[in-house]
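Structure data (TSV, C-alpha atoms) from target-v8.tsv:
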chain	number	residue	atom	x	y	z
W	1	MET	CA	-3.07	-27.36	-7.31
W	2	TYR	CA	-2.16	-23.70	-6.98
W	3	GLU	CA	0.28	-24.56	-4.21
W	4	GLN	CA	2.06	-27.02	-6.48
W	5	PHE	CA	2.21	-24.45	-9.29
W	6	ASN	CA	3.57	-21.78	-6.95
W	7	ALA	CA	6.15	-24.19	-5.55
W	8	GLN	CA	7.44	-24.85	-9.08
W	9	PHE	CA	7.20	-21.29	-10.30
W	10	ALA	CA	8.98	-19.56	-7.40
W	11	PRO	CA	12.39	-21.24	-7.90
W	12	PHE	CA	12.18	-20.68	-11.64
W	13	ALA	CA	11.38	-16.99	-11.14
W	14	LYS	CA	14.27	-16.66	-8.67
W	15	GLN	CA	16.65	-18.34	-11.10
W	16	ALA	CA	15.45	-16.07	-13.92
W	17	ALA	CA	15.94	-12.97	-11.76
W	18	ASP	CA	19.46	-14.11	-10.82
W	19	SER	CA	20.32	-14.68	-14.46
W	20	VAL	CA	19.00	-11.26	-15.44
W	21	LEU	CA	21.07	-9.63	-12.69
W	22	LYS	CA	24.20	-11.47	-13.85
W	23	ALA	CA	23.55	-10.51	-17.47
W	24	ASN	CA	22.99	-6.90	-16.45
W	25	ALA	CA	26.26	-6.89	-14.48
W	26	LEU	CA	28.11	-8.31	-17.49
W	27	ALA	CA	26.61	-5.68	-19.78
W	28	LEU	CA	27.52	-2.86	-17.39
W	29	GLU	CA	31.09	-4.14	-17.03
W	30	ASN	CA	31.36	-4.24	-20.80
W	31	ALA	CA	30.03	-0.68	-21.10
W	32	GLU	CA	32.57	0.47	-18.52
W	33	ARG	CA	35.44	-1.22	-20.38
W	34	LEU	CA	34.31	0.30	-23.67
W	35	PHE	CA	34.03	3.76	-22.12
W	36	ASN	CA	37.55	3.47	-20.68
W	37	LEU	CA	38.89	2.26	-24.02
W	38	GLN	CA	37.31	5.17	-25.87
W	39	LEU	CA	38.50	7.65	-23.27
W	40	ARG	CA	42.11	6.37	-23.47
W	41	THR	CA	42.01	6.48	-27.26
W	42	PHE	CA	40.57	10.00	-27.29
W	43	GLU	CA	43.16	11.21	-24.77
W	44	ASP	CA	46.01	9.69	-26.77
W	45	ARG	CA	44.82	11.18	-30.06
W	46	ALA	CA	44.13	14.58	-28.47
W	47	ASN	CA	47.67	14.69	-27.07
W	48	ALA	CA	49.10	13.78	-30.48
W	49	ALA	CA	46.96	16.43	-32.21
W	50	PHE	CA	47.94	19.14	-29.71
W	51	GLY	CA	51.58	18.19	-30.19
W	52	PHE	CA	51.17	18.61	-33.93
W	53	ILE	CA	49.37	21.93	-33.49
W	54	GLY	CA	52.18	23.11	-31.23
W	55	ALA	CA	54.71	22.25	-33.93
W	56	ALA	CA	52.54	23.93	-36.59
W	57	VAL	CA	52.37	27.17	-34.61
W	58	GLU	CA	56.15	27.38	-34.61
W	59	VAL	CA	56.41	27.21	-38.42
W	60	ARG	CA	57.77	30.50	-39.79
W	61	ASP	CA	58.56	29.83	-43.45
W	62	ALA	CA	57.79	27.60	-46.44
W	63	ASP	CA	60.54	25.13	-45.60
W	64	GLY	CA	59.04	24.65	-42.14
W	65	ALA	CA	55.64	24.03	-43.72
W	66	LYS	CA	57.17	21.45	-46.09
W	67	ALA	CA	58.79	19.69	-43.13
W	68	LEU	CA	55.49	19.74	-41.24
W	69	ALA	CA	53.41	18.15	-44.03
W	70	PRO	CA	54.80	14.61	-43.54
W	71	LYS	CA	54.21	14.93	-39.79
W	72	GLY	CA	50.58	15.81	-40.48
W	73	LEU	CA	50.17	12.80	-42.76
W	74	GLU	CA	51.83	10.59	-40.17
W	75	LEU	CA	49.47	11.92	-37.50
W	76	ALA	CA	46.45	11.19	-39.72
W	77	ARG	CA	47.69	7.66	-40.52
W	78	GLU	CA	48.50	6.92	-36.89
W	79	SER	CA	45.13	8.25	-35.75
W	80	ALA	CA	43.28	6.10	-38.27
W	81	GLU	CA	45.22	3.01	-37.18
W	82	LYS	CA	44.63	3.66	-33.47
W	83	LEU	CA	40.91	4.28	-34.00
W	84	TYR	CA	40.60	1.12	-36.07
W	85	ALA	CA	42.46	-0.91	-33.42
W	86	ALA	CA	40.26	0.55	-30.68
W	87	SER	CA	37.10	-0.32	-32.61
W	88	GLN	CA	38.32	-3.88	-33.18
W	89	GLU	CA	39.08	-4.24	-29.48
W	90	ALA	CA	35.63	-2.88	-28.60
W	91	ILE	CA	33.96	-5.35	-30.96
W	92	GLY	CA	35.99	-8.21	-29.47
W	93	GLN	CA	35.03	-7.25	-25.92
W	94	THR	CA	31.38	-6.92	-26.87
W	95	ILE	CA	31.37	-10.33	-28.54
W	96	LYS	CA	32.89	-11.93	-25.43
W	97	THR	CA	30.27	-10.27	-23.26
W	98	GLN	CA	27.45	-11.43	-25.53
W	99	GLU	CA	28.82	-14.98	-25.45
W	100	ALA	CA	28.87	-14.91	-21.64
W	101	ILE	CA	25.28	-13.64	-21.56
W	102	ALA	CA	24.25	-16.35	-24.05
W	103	GLN	CA	25.83	-19.00	-21.79
W	104	LEU	CA	23.78	-17.68	-18.86
W	105	ILE	CA	20.59	-17.89	-20.88
W	106	LYS	CA	21.47	-21.35	-22.17
W	107	ALA	CA	22.14	-22.60	-18.64
W	108	GLN	CA	18.81	-21.19	-17.48
W	109	PHE	CA	16.90	-22.90	-20.30
W	110	GLU	CA	18.68	-26.19	-19.68
W	111	ALA	CA	17.90	-26.02	-15.96
W	112	ALA	CA	14.26	-25.20	-16.70
W	113	GLY	CA	14.09	-28.08	-19.19
W	114	GLU	CA	15.48	-30.50	-16.62
W	115	GLU	CA	12.97	-29.29	-14.05
W	116	VAL	CA	10.08	-29.74	-16.48
W	117	THR	CA	11.31	-33.24	-17.34
W	118	LYS	CA	11.50	-34.19	-13.65
W	119	THR	CA	8.05	-32.77	-12.97
W	120	ALA	CA	6.59	-34.58	-15.98
W	121	ALA	CA	8.16	-37.84	-14.85
W	122	LYS	CA	6.69	-37.42	-11.35
W	123	ALA	CA	3.29	-36.61	-12.80
W	124	THR	CA	3.45	-39.66	-15.07
W	125	LYS	CA	4.32	-41.92	-12.12
W	126	ALA	CA	1.52	-40.43	-10.06
W	127	THR	CA	-1.10	-41.04	-12.76
W	128	LYS	CA	0.02	-44.65	-13.33
W	129	GLN	CA	-0.38	-45.55	-9.66
What would you get if you wrote out this structure as structure tokens?
Amino acid sequence: MYEQFNAQFAPFAKQAADSVLKANALALENAERLFNLQLRTFEDRANAAFGFIGAAVEVRDADGAKALAPKGLELARESAEKLYAASQEAIGQTIKTQEAIAQLIKAQFEAAGEEVTKTAAKATKATKQ
């Protein structure tokens, strides 16, 4: 009896371990993509901010300050838009990753359900004979 249980449990455990490894790989790939996205966004915004600071340092009079104000507002607007776009992209990537992980789990449960059904059918045949 234990031999039969072990024979059924071992493939299921192997399949579960494979699914967990695949899910872990998907999650790590997603984390890497998100990190790269955030790093690119930060680098872009830092370059824009340093450019603005460089222009602000060169201001010498009130007219220069008046000309700089719209550039500052434009920088703030652009930064907000880029950060919003980056967050939307991150959410989209995370949703796709979660869907892929859900498909792995669904496939595992379906395979386990089929295996249980086959085993139950064999057991039913064996008891009828």
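Remark: for Ala112 (chain W), the closest of the candidate residues W:Lys71, W:Lys14, W:Arg60, W:Lys96 is W:Lys14 (distances computed over all atoms listed in the file).
Here CA of Gly54 (chain W) is placed at a distance of 13.1 Å from CA of Leu75 (chain W).
When the distance limit is 12 Å and only C-alpha atoms are what count, the residues near Ala69 (chain W), minus those fewer than 4 positions from it on the same chain, are Phe52, Ile53, Ala55, Ala56, Val59, Ala62, Asp63, Gly64, Ala65, Leu73, Glu74, Leu75 and Ala76 of chain W.
Take CA of Val20 (chain W) and CA of Gln108 (chain W): the distance between them is 10.1 Å.
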Q.
Show me, as an MDAnalysis selection string, the residues that have an atom within 12 Å of Leu34 (chain W) when counting all atoms listed in the file, minus same-chain residues fewer than 2 positions from it.
A. chainID W and resid 27:32 36:41 86:94 97
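Relative to CA of Ala17 (chain W), CA of Ile105 (chain W) is found at 11.4 Å.
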Q: Would you please work out which residue, of W:Lys106, W:Ala111, W:Lys122, W:Thr127, is nearest to Pro11 (chain W) when using all atoms listed in the file?
A: W:Ala111
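When only C-alpha atoms are used to measure the gap to Ser79 (chain W), the shortest distance among W:Val57, W:Leu21, W:Ala13, W:Ala46 belongs to W:Ala46.
Of the listed residues W:Lys82, W:Val116, W:Glu99, W:Gln15, the one whose atoms come nearest to Asp44 (chain W) is W:Lys82, with distances taken using all atoms listed in the file.
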